[in-house]
Structures are given as structure tokens and as C-alpha cells.
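Peer 1: Sharing protein.pdb (PDB, C-alpha atoms) below.
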```
ATOM      1  CA  MET A   1     -19.075  16.584 -10.764
ATOM      2  CA  SER A   2     -15.820  16.380 -12.787
ATOM      3  CA  LEU A   3     -15.568  20.186 -12.906
ATOM      4  CA  LEU A   4     -15.517  20.376  -9.106
ATOM      5  CA  LEU A   5     -13.148  17.457  -8.609
ATOM      6  CA  PHE A   6      -9.881  19.159  -9.572
ATOM      7  CA  PRO A   7     -10.536  22.377  -7.579
ATOM      8  CA  ALA A   8     -11.419  20.252  -4.540
ATOM      9  CA  LEU A   9      -8.172  18.279  -4.933
ATOM     10  CA  ILE A  10      -6.172  21.511  -5.207
ATOM     11  CA  VAL A  11      -7.830  22.968  -2.106
ATOM     12  CA  GLY A  12      -7.295  19.722  -0.176
ATOM     13  CA  ALA A  13      -3.619  19.597  -1.175
ATOM     14  CA  GLY A  14      -3.198  23.235  -0.088
ATOM     15  CA  VAL A  15      -4.808  22.569   3.295
ATOM     16  CA  LEU A  16      -2.641  19.480   3.785
ATOM     17  CA  LEU A  17       0.509  21.447   2.886
ATOM     18  CA  ALA A  18      -0.459  24.213   5.332
ATOM     19  CA  LEU A  19      -0.982  21.664   8.110
ATOM     20  CA  VAL A  20       2.409  20.071   7.415
ATOM     21  CA  LEU A  21       4.149  23.460   7.467
ATOM     22  CA  TRP A  22       2.354  24.349  10.708
ATOM     23  CA  ARG A  23       3.400  21.104  12.384
ATOM     24  CA  LEU A  24       6.996  21.601  11.231
ATOM     25  CA  GLY A  25       7.027  25.117  12.691
ATOM     26  CA  ALA A  26       7.610  26.912   9.398
ATOM     27  CA  LEU A  27       4.681  29.280  10.026
ATOM     28  CA  THR A  28       5.696  30.062  13.623
ATOM     29  CA  SER A  29       7.410  33.336  14.483
ATOM     30  CA  PRO A  30      11.159  32.995  15.277
ATOM     31  CA  ALA A  31      10.620  34.714  18.638
ATOM     32  CA  VAL A  32       7.972  32.165  19.585
ATOM     33  CA  VAL A  33      10.245  29.317  18.466
ATOM     34  CA  ALA A  34      13.080  30.702  20.610
ATOM     35  CA  TRP A  35      10.776  31.029  23.633
ATOM     36  CA  HIS A  36       9.526  27.482  23.180
ATOM     37  CA  ARG A  37      13.110  26.225  23.020
ATOM     38  CA  VAL A  38      14.070  28.050  26.218
ATOM     39  CA  GLY A  39      10.887  26.972  28.009
ATOM     40  CA  ARG A  40      11.310  23.354  26.904
ATOM     41  CA  ASN A  41      14.881  23.265  28.201
ATOM     42  CA  HIS A  42      13.786  24.595  31.593
ATOM     43  CA  GLY A  43      10.718  22.403  31.896
ATOM     44  CA  LEU A  44       8.232  25.256  31.384
ATOM     45  CA  ILE A  45       6.617  23.883  28.219
ATOM     46  CA  ASP A  46       4.305  20.906  28.153
ATOM     47  CA  ASP A  47       5.784  18.612  25.486
ATOM     48  CA  ARG A  48       2.971  16.087  25.564
ATOM     49  CA  PRO A  49       1.082  15.455  22.313
ATOM     50  CA  LEU A  50      -1.981  17.565  21.602
ATOM     51  CA  THR A  51      -4.333  14.582  21.879
ATOM     52  CA  GLU A  52      -2.943  13.702  25.311
ATOM     53  CA  ARG A  53      -3.398  17.254  26.561
ATOM     54  CA  LEU A  54      -6.950  17.396  25.225
ATOM     55  CA  GLY A  55      -7.634  13.985  26.743
ATOM     56  CA  GLN A  56      -7.480  15.476  30.245
ATOM     57  CA  ARG A  57     -10.524  17.602  29.429
ATOM     58  CA  ALA A  58     -12.382  15.416  26.935
ATOM     59  CA  PRO A  59     -12.598  11.678  27.750
ATOM     60  CA  PHE A  60     -13.550  10.722  24.191
ATOM     61  CA  VAL A  61     -10.322  12.325  22.913
ATOM     62  CA  ARG A  62      -8.357  10.245  25.423
ATOM     63  CA  ARG A  63     -10.097   7.064  24.289
ATOM     64  CA  PHE A  64      -9.409   7.944  20.664
ATOM     65  CA  ASP A  65      -5.761   8.653  21.464
ATOM     66  CA  GLU A  66      -5.415   5.328  23.293
ATOM     67  CA  ALA A  67      -6.862   3.512  20.280
ATOM     68  CA  ALA A  68      -5.009   5.393  17.509
ATOM     69  CA  ASN A  69      -1.682   6.210  19.181
ATOM     70  CA  ILE A  70       0.611   3.719  17.437
ATOM     71  CA  PRO A  71       3.769   4.588  19.451
ATOM     72  CA  ARG A  72       1.873   4.024  22.700
ATOM     73  CA  LEU A  73       0.420   0.723  21.486
ATOM     74  CA  LEU A  74       3.890  -0.447  20.440
ATOM     75  CA  ALA A  75       5.325   0.492  23.843
ATOM     76  CA  VAL A  76       2.467  -1.191  25.724
ATOM     77  CA  ALA A  77       2.799  -4.308  23.563
ATOM     78  CA  GLY A  78       6.558  -4.397  24.217
ATOM     79  CA  LYS A  79       7.505  -4.045  20.534
ATOM     80  CA  THR A  80      10.950  -2.631  19.846
ATOM     81  CA  GLU A  81      10.244  -1.239  16.384
ATOM     82  CA  SER A  82       9.383   2.409  15.887
ATOM     83  CA  ALA A  83       5.975   3.692  14.862
ATOM     84  CA  THR A  84       7.314   4.729  11.454
ATOM     85  CA  ALA A  85       8.718   1.254  10.808
ATOM     86  CA  TRP A  86       5.448  -0.369  11.895
ATOM     87  CA  ILE A  87       3.349   1.888   9.664
ATOM     88  CA  LEU A  88       5.644   1.409   6.653
ATOM     89  CA  ARG A  89       5.652  -2.373   7.122
ATOM     90  CA  ASN A  90       1.867  -2.592   7.330
ATOM     91  CA  VAL A  91       1.406  -0.187   4.424
ATOM     92  CA  ALA A  92       3.761  -2.382   2.377
ATOM     93  CA  ILE A  93       1.718  -5.462   3.291
ATOM     94  CA  ALA A  94      -1.509  -3.647   2.380
ATOM     95  CA  LEU A  95      -0.047  -2.569  -0.978
ATOM     96  CA  THR A  96       1.100  -6.132  -1.646
ATOM     97  CA  VAL A  97      -2.401  -7.446  -0.982
ATOM     98  CA  LEU A  98      -3.831  -4.694  -3.191
ATOM     99  CA  LEU A  99      -1.473  -5.589  -6.043
ATOM    100  CA  LEU A 100      -2.291  -9.282  -5.673
ATOM    101  CA  GLY A 101      -5.970  -8.443  -5.911
ATOM    102  CA  LEU A 102      -5.328  -6.387  -9.037
ATOM    103  CA  ALA A 103      -3.286  -9.252 -10.519
ATOM    104  CA  VAL A 104      -6.103 -11.727  -9.917
ATOM    105  CA  ASP A 105      -8.525  -9.255 -11.453
ATOM    106  CA  LEU A 106      -6.322  -8.827 -14.537
ATOM    107  CA  VAL A 107      -5.987 -12.608 -14.923
ATOM    108  CA  GLY A 108      -9.763 -12.898 -14.856
ATOM    109  CA  LEU A 109     -10.021 -10.123 -17.425
ATOM    110  CA  ALA A 110      -7.550 -11.855 -19.727
ATOM    111  CA  ALA A 111      -9.191 -15.266 -19.354
ATOM    112  CA  ARG A 112     -12.895 -14.404 -19.474
ATOM    113  CA  HIS A 113     -12.782 -10.862 -20.920
ATOM    114  CA  ARG A 114     -14.410  -9.442 -17.804
ATOM    115  CA  LEU A 115     -13.258  -8.505 -14.339
ATOM    116  CA  ALA A 116     -13.556 -11.113 -11.618
ATOM    117  CA  TYR A 117     -14.699  -8.395  -9.204
ATOM    118  CA  PRO A 118     -14.797  -4.574  -9.212
ATOM    119  CA  VAL A 119     -11.431  -2.841  -8.919
ATOM    120  CA  VAL A 120     -12.592  -0.968  -5.819
ATOM    121  CA  TYR A 121     -12.605  -4.296  -3.979
ATOM    122  CA  CYS A 122      -8.798  -4.311  -4.202
ATOM    123  CA  LEU A 123      -8.722  -1.149  -2.087
ATOM    124  CA  GLY A 124     -10.934  -2.929   0.400
ATOM    125  CA  PHE A 125      -8.535  -5.880   0.496
ATOM    126  CA  GLY A 126      -5.625  -3.550   1.238
ATOM    127  CA  ALA A 127      -7.579  -1.746   3.953
ATOM    128  CA  ILE A 128      -8.554  -5.076   5.534
ATOM    129  CA  ALA A 129      -4.893  -6.190   5.543
ATOM    130  CA  PHE A 130      -3.863  -2.961   7.314
ATOM    131  CA  LEU A 131      -6.708  -3.311   9.828
ATOM    132  CA  ILE A 132      -5.665  -6.890  10.569
ATOM    133  CA  GLY A 133      -2.156  -5.665  11.447
ATOM    134  CA  TYR A 134      -3.639  -2.954  13.652
ATOM    135  CA  LEU A 135      -5.933  -5.431  15.416
ATOM    136  CA  LEU A 136      -3.006  -7.782  16.039
ATOM    137  CA  LEU A 137      -1.138  -4.881  17.655
ATOM    138  CA  ARG A 138      -4.157  -4.044  19.824
ATOM    139  CA  ILE A 139      -4.468  -7.689  20.881
ATOM    140  CA  ALA A 140      -0.758  -7.820  21.783
ATOM    141  CA  ALA A 141      -1.095  -4.621  23.835
ATOM    142  CA  LYS A 142      -4.172  -5.941  25.666
ATOM    143  CA  ARG A 143      -2.463  -9.267  26.335
ATOM    144  CA  ARG A 144       0.586  -7.540  27.835
ATOM    145  CA  GLN A 145      -1.596  -5.249  29.954
ATOM    146  CA  ALA A 146      -3.442  -8.276  31.294
ATOM    147  CA  GLY A 147      -0.133 -10.060  31.914
ATOM    148  CA  LEU A 148       1.248  -7.084  33.855
ATOM    149  CA  GLN A 149      -1.955  -6.786  35.863
ATOM    150  CA  LEU A 150      -1.990 -10.482  36.682
ATOM    151  CA  GLY A 151       1.733 -10.673  37.385
ATOM    152  CA  LEU A 152       1.760  -7.752  39.818
ATOM    153  CA  GLY A 153      -1.469  -8.875  41.483
ATOM    154  CA  GLY A 154      -0.079 -12.361  41.994
ATOM    155  CA  ALA A 155       3.163 -11.026  43.478
ATOM    156  CA  LEU A 156       1.563  -8.957  46.254
ATOM    157  CA  THR A 157       1.566 -11.812  48.774
ATOM    158  CA  GLU A 158       5.239 -12.545  48.115
ATOM    159  CA  ILE A 159       6.054  -8.831  48.390
ATOM    160  CA  ALA A 160       4.364  -8.733  51.789
ATOM    161  CA  ILE A 161       6.449 -11.742  52.886
ATOM    162  CA  LEU A 162       9.747 -10.322  51.603
ATOM    163  CA  THR A 163       9.137  -6.924  53.229
ATOM    164  CA  TYR A 164       7.978  -8.410  56.531
ATOM    165  CA  THR A 165      11.253  -7.630  58.353
ATOM    166  CA  ARG A 166      11.801  -4.334  56.440
ATOM    167  CA  GLN A 167      15.209  -5.524  55.292
ATOM    168  CA  MET A 168      14.066  -5.406  51.676
ATOM    169  CA  SER A 169      12.130  -2.545  50.098
ATOM    170  CA  ILE A 170       9.023  -2.974  47.997
ATOM    171  CA  GLU A 171      10.776  -2.055  44.762
ATOM    172  CA  GLN A 172      13.642  -4.495  45.475
ATOM    173  CA  SER A 173      11.248  -7.331  46.207
ATOM    174  CA  LEU A 174       9.228  -6.497  43.100
ATOM    175  CA  ASP A 175      12.347  -6.641  40.932
ATOM    176  CA  LEU A 176      13.300  -9.985  42.484
ATOM    177  CA  LEU A 177       9.856 -11.496  41.914
ATOM    178  CA  ALA A 178       9.634 -10.092  38.386
ATOM    179  CA  ARG A 179      12.776 -12.044  37.480
ATOM    180  CA  ALA A 180      11.170 -15.291  38.699
ATOM    181  CA  GLN A 181       7.924 -14.996  36.718
ATOM    182  CA  MET A 182       7.792 -17.266  33.710
ATOM    183  CA  ASP A 183       5.843 -15.038  31.303
ATOM    184  CA  GLY A 184       8.408 -12.217  31.576
ATOM    185  CA  TYR A 185       5.887  -9.403  31.196
ATOM    186  CA  LEU A 186       6.702  -7.713  34.493
ATOM    187  CA  TRP A 187      10.452  -8.161  34.217
ATOM    188  CA  GLY A 188      10.419  -6.879  30.635
ATOM    189  CA  LEU A 189       8.840  -3.663  31.919
ATOM    190  CA  LEU A 190      11.135  -3.185  34.919
ATOM    191  CA  ARG A 191      14.379  -4.416  33.356
ATOM    192  CA  ASP A 192      16.757  -1.573  32.475
ATOM    193  CA  GLU A 193      13.933   0.869  33.239
ATOM    194  CA  GLY A 194      11.963  -0.201  30.175
ATOM    195  CA  TRP A 195       8.996   1.752  31.506
ATOM    196  CA  ARG A 196      10.712   4.984  30.406
ATOM    197  CA  ARG A 197       9.349   4.475  26.882
ATOM    198  CA  LEU A 198       6.081   6.044  28.031
ATOM    199  CA  VAL A 199       6.812   7.469  31.480
ATOM    200  CA  VAL A 200       8.370  10.939  31.527
ATOM    201  CA  LEU A 201       9.682  12.175  34.864
ATOM    202  CA  ASP A 202       9.055  15.827  35.664
ATOM    203  CA  PHE A 203      12.423  17.541  35.785
ATOM    204  CA  SER A 204      14.443  19.724  33.482
ATOM    205  CA  PRO A 205      16.952  17.977  31.209
ATOM    206  CA  LEU A 206      19.447  20.829  31.772
ATOM    207  CA  LEU A 207      19.811  20.063  35.475
ATOM    208  CA  PRO A 208      22.819  17.901  36.391
ATOM    209  CA  PHE A 209      22.102  14.525  37.922
ATOM    210  CA  ARG A 210      23.034  15.615  41.446
ATOM    211  CA  ASP A 211      20.558  18.535  41.285
ATOM    212  CA  GLN A 212      17.617  16.582  39.892
ATOM    213  CA  PRO A 213      14.712  16.178  42.325
ATOM    214  CA  PHE A 214      14.203  12.812  43.959
ATOM    215  CA  VAL A 215      11.374  10.767  42.475
ATOM    216  CA  SER A 216       9.903   8.158  44.771
ATOM    217  CA  ALA A 217       9.090   4.639  43.684
ATOM    218  CA  ALA A 218       5.419   5.327  44.431
ATOM    219  CA  SER A 219       5.404   8.205  41.912
ATOM    220  CA  ILE A 220       7.081   6.002  39.308
ATOM    221  CA  TYR A 221       4.586   3.170  39.840
ATOM    222  CA  GLU A 222       1.705   5.628  39.642
ATOM    223  CA  LYS A 223       2.972   6.976  36.315
ATOM    224  CA  ILE A 224       3.490   3.435  35.021
ATOM    225  CA  GLY A 225      -0.084   2.545  35.940
ATOM    226  CA  SER A 226      -1.544   5.575  34.155
ATOM    227  CA  SER A 227       0.744   5.399  31.099
ATOM    228  CA  TYR A 228       0.547   1.645  30.473
ATOM    229  CA  GLY A 229      -3.066   1.177  31.548
ATOM    230  CA  VAL A 230      -2.280  -1.173  34.453
ATOM    231  CA  PRO A 231      -4.433  -0.191  37.483
ATOM    232  CA  MET A 232      -2.531  -2.548  39.802
ATOM    233  CA  PHE A 233       0.526  -0.283  39.672
ATOM    234  CA  THR A 234      -1.620   2.697  40.662
ATOM    235  CA  LEU A 235      -3.143   0.690  43.519
ATOM    236  CA  LEU A 236       0.298  -0.358  44.748
ATOM    237  CA  ALA A 237       1.530   3.252  44.547
ATOM    238  CA  SER A 238      -1.406   4.540  46.619
ATOM    239  CA  ASN A 239      -0.706   1.940  49.313
ATOM    240  CA  MET A 240       2.987   2.840  49.303
ATOM    241  CA  ARG A 241       2.006   6.468  49.885
ATOM    242  CA  ARG A 242      -0.169   5.353  52.805
ATOM    243  CA  ILE A 243       2.809   3.513  54.291
ATOM    244  CA  ASP A 244       5.109   6.528  53.900
ATOM    245  CA  ASP A 245       2.660   9.260  54.935
ATOM    246  CA  LYS A 246       0.912   7.562  57.842
ATOM    247  CA  GLY A 247       3.746   5.344  59.038
ATOM    248  CA  LEU A 248       1.722   2.161  58.668
ATOM    249  CA  SER A 249       3.295  -1.257  58.778
ATOM    250  CA  PRO A 250       4.129  -2.527  55.278
ATOM    251  CA  ARG A 251       3.285  -6.121  56.197
ATOM    252  CA  SER A 252      -0.274  -5.262  57.294
ATOM    253  CA  VAL A 253      -0.950  -2.889  54.385
ATOM    254  CA  LEU A 254       0.438  -5.225  51.731
ATOM    255  CA  THR A 255      -1.237  -8.264  53.292
ATOM    256  CA  ASN A 256      -4.609  -6.503  53.275
ATOM    257  CA  LEU A 257      -3.975  -5.367  49.703
ATOM    258  CA  ALA A 258      -3.160  -8.922  48.616
ATOM    259  CA  LYS A 259      -6.271 -10.178  50.398
ATOM    260  CA  ALA A 260      -8.472  -7.574  48.692
ATOM    261  CA  VAL A 261      -6.987  -8.306  45.274
ATOM    262  CA  GLY A 262      -7.450 -12.045  45.812
ATOM    263  CA  ALA A 263     -11.084 -11.543  46.829
ATOM    264  CA  ASN A 264     -11.659  -9.393  43.755
ATOM    265  CA  ASN A 265     -10.093 -12.020  41.491
ATOM    266  CA  LEU A 266     -12.229 -14.709  43.118
ATOM    267  CA  ALA A 267     -15.365 -12.654  42.496
ATOM    268  CA  ASP A 268     -14.358 -12.183  38.836
ATOM    269  CA  MET A 269     -13.810 -15.915  38.478
ATOM    270  CA  GLN A 270     -17.240 -16.613  39.943
ATOM    271  CA  VAL A 271     -18.819 -14.162  37.494
ATOM    272  CA  ARG A 272     -17.009 -15.827  34.575
ATOM    273  CA  SER A 273     -18.119 -19.223  35.862
ATOM    274  CA  GLU A 274     -21.756 -18.142  35.907
ATOM    275  CA  GLN A 275     -21.395 -16.642  32.428
ATOM    276  CA  SER A 276     -19.828 -19.844  31.138
ATOM    277  CA  LYS A 277     -22.879 -21.828  32.257
ATOM    278  CA  PHE A 278     -25.064 -19.839  29.870
ATOM    279  CA  ARG A 279     -22.505 -20.260  27.068
ATOM    280  CA  GLN A 280     -22.519 -24.010  27.669
ATOM    281  CA  ALA A 281     -26.311 -24.155  27.692
ATOM    282  CA  VAL A 282     -26.599 -22.554  24.244
ATOM    283  CA  PRO A 283     -24.743 -25.286  22.274
ATOM    284  CA  ILE A 284     -26.477 -27.990  24.328
ATOM    285  CA  GLY A 285     -29.826 -26.482  23.401
ATOM    286  CA  LEU A 286     -28.808 -26.267  19.759
ATOM    287  CA  MET A 287     -27.855 -29.954  19.833
ATOM    288  CA  ILE A 288     -31.438 -30.816  20.787
ATOM    289  CA  LEU A 289     -32.841 -29.197  17.619
ATOM    290  CA  PRO A 290     -31.662 -31.950  15.212
ATOM    291  CA  LEU A 291     -33.036 -34.569  17.609
ATOM    292  CA  MET A 292     -36.396 -32.788  17.681
ATOM    293  CA  LEU A 293     -36.413 -32.677  13.883
ATOM    294  CA  LEU A 294     -35.642 -36.406  13.643
ATOM    295  CA  ILE A 295     -38.464 -37.211  16.040
ATOM    296  CA  GLY A 296     -40.947 -34.529  15.043
ATOM    297  CA  TYR A 297     -40.851 -34.861  11.271
ATOM    298  CA  PRO A 298     -41.941 -38.545  11.126
ATOM    299  CA  ALA A 299     -44.628 -37.828  13.705
ATOM    300  CA  TRP A 300     -45.872 -34.850  11.686
ATOM    301  CA  VAL A 301     -45.933 -36.963   8.461
ATOM    302  CA  SER A 302     -47.844 -39.759  10.235
ATOM    303  CA  LEU A 303     -50.414 -37.338  11.652
ATOM    304  CA  SER A 304     -50.884 -35.610   8.296
ATOM    305  CA  ARG A 305     -51.490 -38.947   6.583
ATOM    306  CA  ALA A 306     -53.920 -40.048   9.302
ATOM    307  CA  PHE A 307     -56.084 -36.951   8.876
ATOM    308  CA  HIS A 308     -56.021 -37.140   5.109
TER     309      HIS A 308
END
```
Kindly return the structure encoded in the file as C-alpha cells.
Peer 2:
Amino acid sequence: MSLLLFPALIVGAGVLLALVLWRLGALTSPAVVAWHRVGRNHGLIDDRPLTERLGQRAPFVRRFDEAANIPRLLAVAGKTESATAWILRNVAIALTVLLLGLAVDLVGLAARHRLAYPVVYCLGFGAIAFLIGYLLLRIAAKRRQAGLQLGLGGALTEIAILTYTRQMSIEQSLDLLARAQMDGYLWGLLRDEGWRRLVVLDFSPLLPFRDQPFVSAASIYEKIGSSYGVPMFTLLASNMRRIDDKGLSPRSVLTNLAKAVGANNLADMQVRSEQSKFRQAVPIGLMILPLMLLIGYPAWVSLSRAFH
């Protein structure tokens, strides 16, 4: 086993070095690098990450990318720090926990001349500390997604009222209502175009501003919904396209949309209410068990003595 360990480490280090050189472009032909640069400047090259491109064809790759993409999770959670800073901070915390575990182990060795626990447990402590940081980031991202979904869904009725006379557009009314919401999730996304952290508009960066193609608010909301995982933005964008393409009245479309969203929320609340009844019945049933023991045990002792 020891004879194969060092060759395996050498081979693994060589493969890792080759992957790093490939990602840095050191193994790519200069002509290919020049073509990629020209194509990227003219919008002919897809700059999305490899996992995102594969996610369009393989759903499990997309789910893995959504779970392991730290920059996306930070953007969805509204964190301002970079992915590198987040990883370094959590690695430092994990190393600190690992060193504390080793210190406790060494103290036990010095006091009782034996380890308090195996050294490999310290690696487990460090891994658990890193996973806790990752889970906290996932929880923050899910909480912000739910806040955006709830905030936009609750603003649909007000949007329909503000756009009733067509003197205010949907995007203007949405910005106004986002400012008034107390949680700040929606306004934090729309303020200073904060959604651009994940949303990339499809035009060449070499084009001057006056020559850049017009991007409608519906397209922006649709990209926000797909990038941030908020289906309500996608639903609003589809209804905005219906208003623009078919010439429908915004007040009727938005009112019907608000009504449908409200009915859906009411149905979800009814489902949660029915589920909560079962959750309440379980502890109530468990509370009866001690009472049954208090009553049943003396009865069982009395019957056993009577038959003996």
C-alpha cells in the first residue's frame, strides 16, 4: 500500500497541474486564444460557465451547479463579499476548529497519556464547520428567494391599481412599491440595478450605448426570474408580453394575475393548515403515553398479584 501511495500522489498532482494549466489557457493555441478574444468582444462566444451550459442539456448538472455555485448563492443571498473571500473565510474558520480539536487532543494526551479521540476526528470537525457555513449561505439564499417571491406576489394588486390609468408603467410602479416594503428584499434587488450581478444582457460590449439594442422590461424580469430562482418575475414577464403583443388592458391582466396568485397562496395556506393538524396531533398523542403508563402500570401490577 505504501509503495503505491507516492506514485498515486505524483500522478494526482500532475493531473491537477494539467487541469490548472488548461483552465488558465496555457495549453491553448495562440490562434485559438486570439479567435476567442475577437469572438468574445463581438458577442460570438458564450462566456457562461461550463456547468451552466451543460445544465441546459442535463438537469442534474443544473441542480448541482445551483447547489455548488458559491458566486450565485452569494448573489442570490444578497451578500456583497466575493466568492474567494467567502471561501477563504470559511476555510480559515474550519482550520481554526481543526486546530482547536488538535489542541484539545494534545491536552488529553499530556494529561492522561492517551488521545481524547482519534486525530481524524479533527478533520471531521473542520469539515462540519465548513458545511455549517455553506448551509447558512444556502438558508440565506432560500430566505431571500422566498422574500422576493412573496414581495412581488403581494405587490401585484397595487401594481394593477397604479397602472389603471396607464400614467405609470409597470416597472415604475414596481420600483415605487419596492421602496415601501419593509423587508427590503425587492428594493435591494432593483436598486441601482442590483440584479446585474447574475443577469447578463445579450449585446456586445464594444457597441456604444446609442447602438446597443433595446431590452424590454419583460426580458429583464424574465432573466431575473430564471437567474435568481424567483418564478414570480417570470410570470410577471409573460403577462407583460401578453399586454404588449396582444394589446390587452394592463388593469384586467394584472388584476387577473393578482387574483390567481392570491388563490394559489390561499390554497398553499390551506395545505399547510391541514399539514399542521397532523403535526399537532403527534405531540398530543405522545403526551398520552406517560398518562397511559401511570394508569396501566399499577393496574398491571394489581392484576399480576391477583393471579399469583
Peer 1: Rounded to one decimal in Å, what is the spacing between atom CA of A:Val38 and atom CA of A:Ala26?
Peer 2: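 Separation of atom CA of A:Val38 and atom CA of A:Ala26: 18.1 Å.
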Peer 1: Contacts between stretch 75-97 of chain A and stretch 107-179 of chain A, please, where a residue of stretch 107-179 of chain A counts if it comes within 7 Å (with all atoms listed in the file); show its shortest atom pair and distance in Å to one decimal, rows by chain and ascending number, as CSV.
Peer 2:
```
residue,atom,partner,partner_atom,distance
A:Phe125,CA,A:Val97,CA,6.5
A:Gly126,CA,A:Ala94,CA,4.3
A:Ala127,CA,A:Ala94,CA,6.6
A:Ala129,CA,A:Ala94,CA,5.3
A:Phe130,CA,A:Ala94,CA,5.5
A:Gly133,CA,A:Asn90,CA,6.5
A:Ala140,CA,A:Ala77,CA,5.3
A:Ala141,CA,A:Ala77,CA,3.9
A:Arg144,CA,A:Ala77,CA,5.8
```
Peer 1: Mind giving me the straight-line distance from atom CA of A:Ser227 to atom CA of A:Val200 in Å, one decimal?
Peer 2: 9.4 Å
Peer 1: If I take atom CA of A:Met240 and atom CA of A:Ala160, how far is one from the other in Å, to one decimal?
Peer 2: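 Taking atom CA of A:Met240 as the start and atom CA of A:Ala160 as the end point, the length is 11.9 Å.
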Peer 1: Please enclose the listed atoms of stretch 192-199 of chain A in an axis-aligned box, pad each side by 3 Å, and write out the centre and the three edge lengths in Å, rounded to one decimal, as lines of an AutoDock Vina configuration file.
Peer 2:
```
center_x = 11.4
center_y = 2.9
center_z = 30.1
size_x = 16.7
size_y = 15.0
size_z = 12.4
```
Peer 1: Return as a CSV table (one decimal) with C-alpha atoms, keeping the file's coordinate frame the set of residues that the PyMOL selection byres ((chain A and resi 232-235) around 8) yields on the displayed structure.
Peer 2:
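Output contents, as saved in expr.csv:
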```
chain,number,residue,atom,x,y,z
A,149,GLN,CA,-2.0,-6.8,35.9
A,152,LEU,CA,1.8,-7.8,39.8
A,153,GLY,CA,-1.5,-8.9,41.5
A,221,TYR,CA,4.6,3.2,39.8
A,222,GLU,CA,1.7,5.6,39.6
A,223,LYS,CA,3.0,7.0,36.3
A,224,ILE,CA,3.5,3.4,35.0
A,225,GLY,CA,-0.1,2.5,35.9
A,226,SER,CA,-1.5,5.6,34.2
A,230,VAL,CA,-2.3,-1.2,34.5
A,231,PRO,CA,-4.4,-0.2,37.5
A,236,LEU,CA,0.3,-0.4,44.7
A,237,ALA,CA,1.5,3.3,44.5
A,238,SER,CA,-1.4,4.5,46.6
A,239,ASN,CA,-0.7,1.9,49.3
```
Peer 1: Skip A:Leu102 itself and residues of its chain fewer than 3 positions away, then list as a list in words all residues within 12 Å of it, counting all atoms listed in the file.
Peer 2: Leu95, Thr96, Val97, Leu98, Leu99, Asp105, Leu106, Val107, Gly108, Leu109, Leu115, Ala116, Tyr117, Pro118, Val119, Val120, Tyr121, Cys122, Leu123, Gly124, Phe125 and Gly126 of chain A
Peer 1: Which one of A:Ala67, A:Val20, A:Val253, A:Ala8 sits closest to A:Thr157 if you count all atoms listed in the file?
Peer 2: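 For A:Thr157, the nearest of the candidates is A:Val253.
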Peer 1: Can you turn the PyMOL selection byres ((chain A and resi 154) around 12) into a concrete residue list for this file, as a list in words?
Peer 2: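 That expression, the PyMOL selection byres ((chain A and resi 154) around 12), corresponds here to Ala146, Gly147, Leu148, Gln149, Leu150, Gly151, Leu152, Gly153, Ala155, Leu156, Thr157, Glu158, Ile159, Ala160, Leu174, Leu177, Ala178, Gln181, Leu186, Met232, Leu257, Ala258, Lys259, Ala260, Val261, Gly262 and Asn265 of chain A.
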Peer 1: Excluding A:Asp175 and residues on its chain fewer than 6 positions from it, collect all residues at most 9 Å away from it, counting only C-alpha atoms, and give them as an NGL selection string.
Peer 2: :A and (186-187 or 190-191)
Peer 1: So, counting all atoms listed in the file, which residue among A:Pro298, A:Gly12, A:Gly194, A:Gly229 is closest to A:Arg63?
Peer 2: A:Gly229
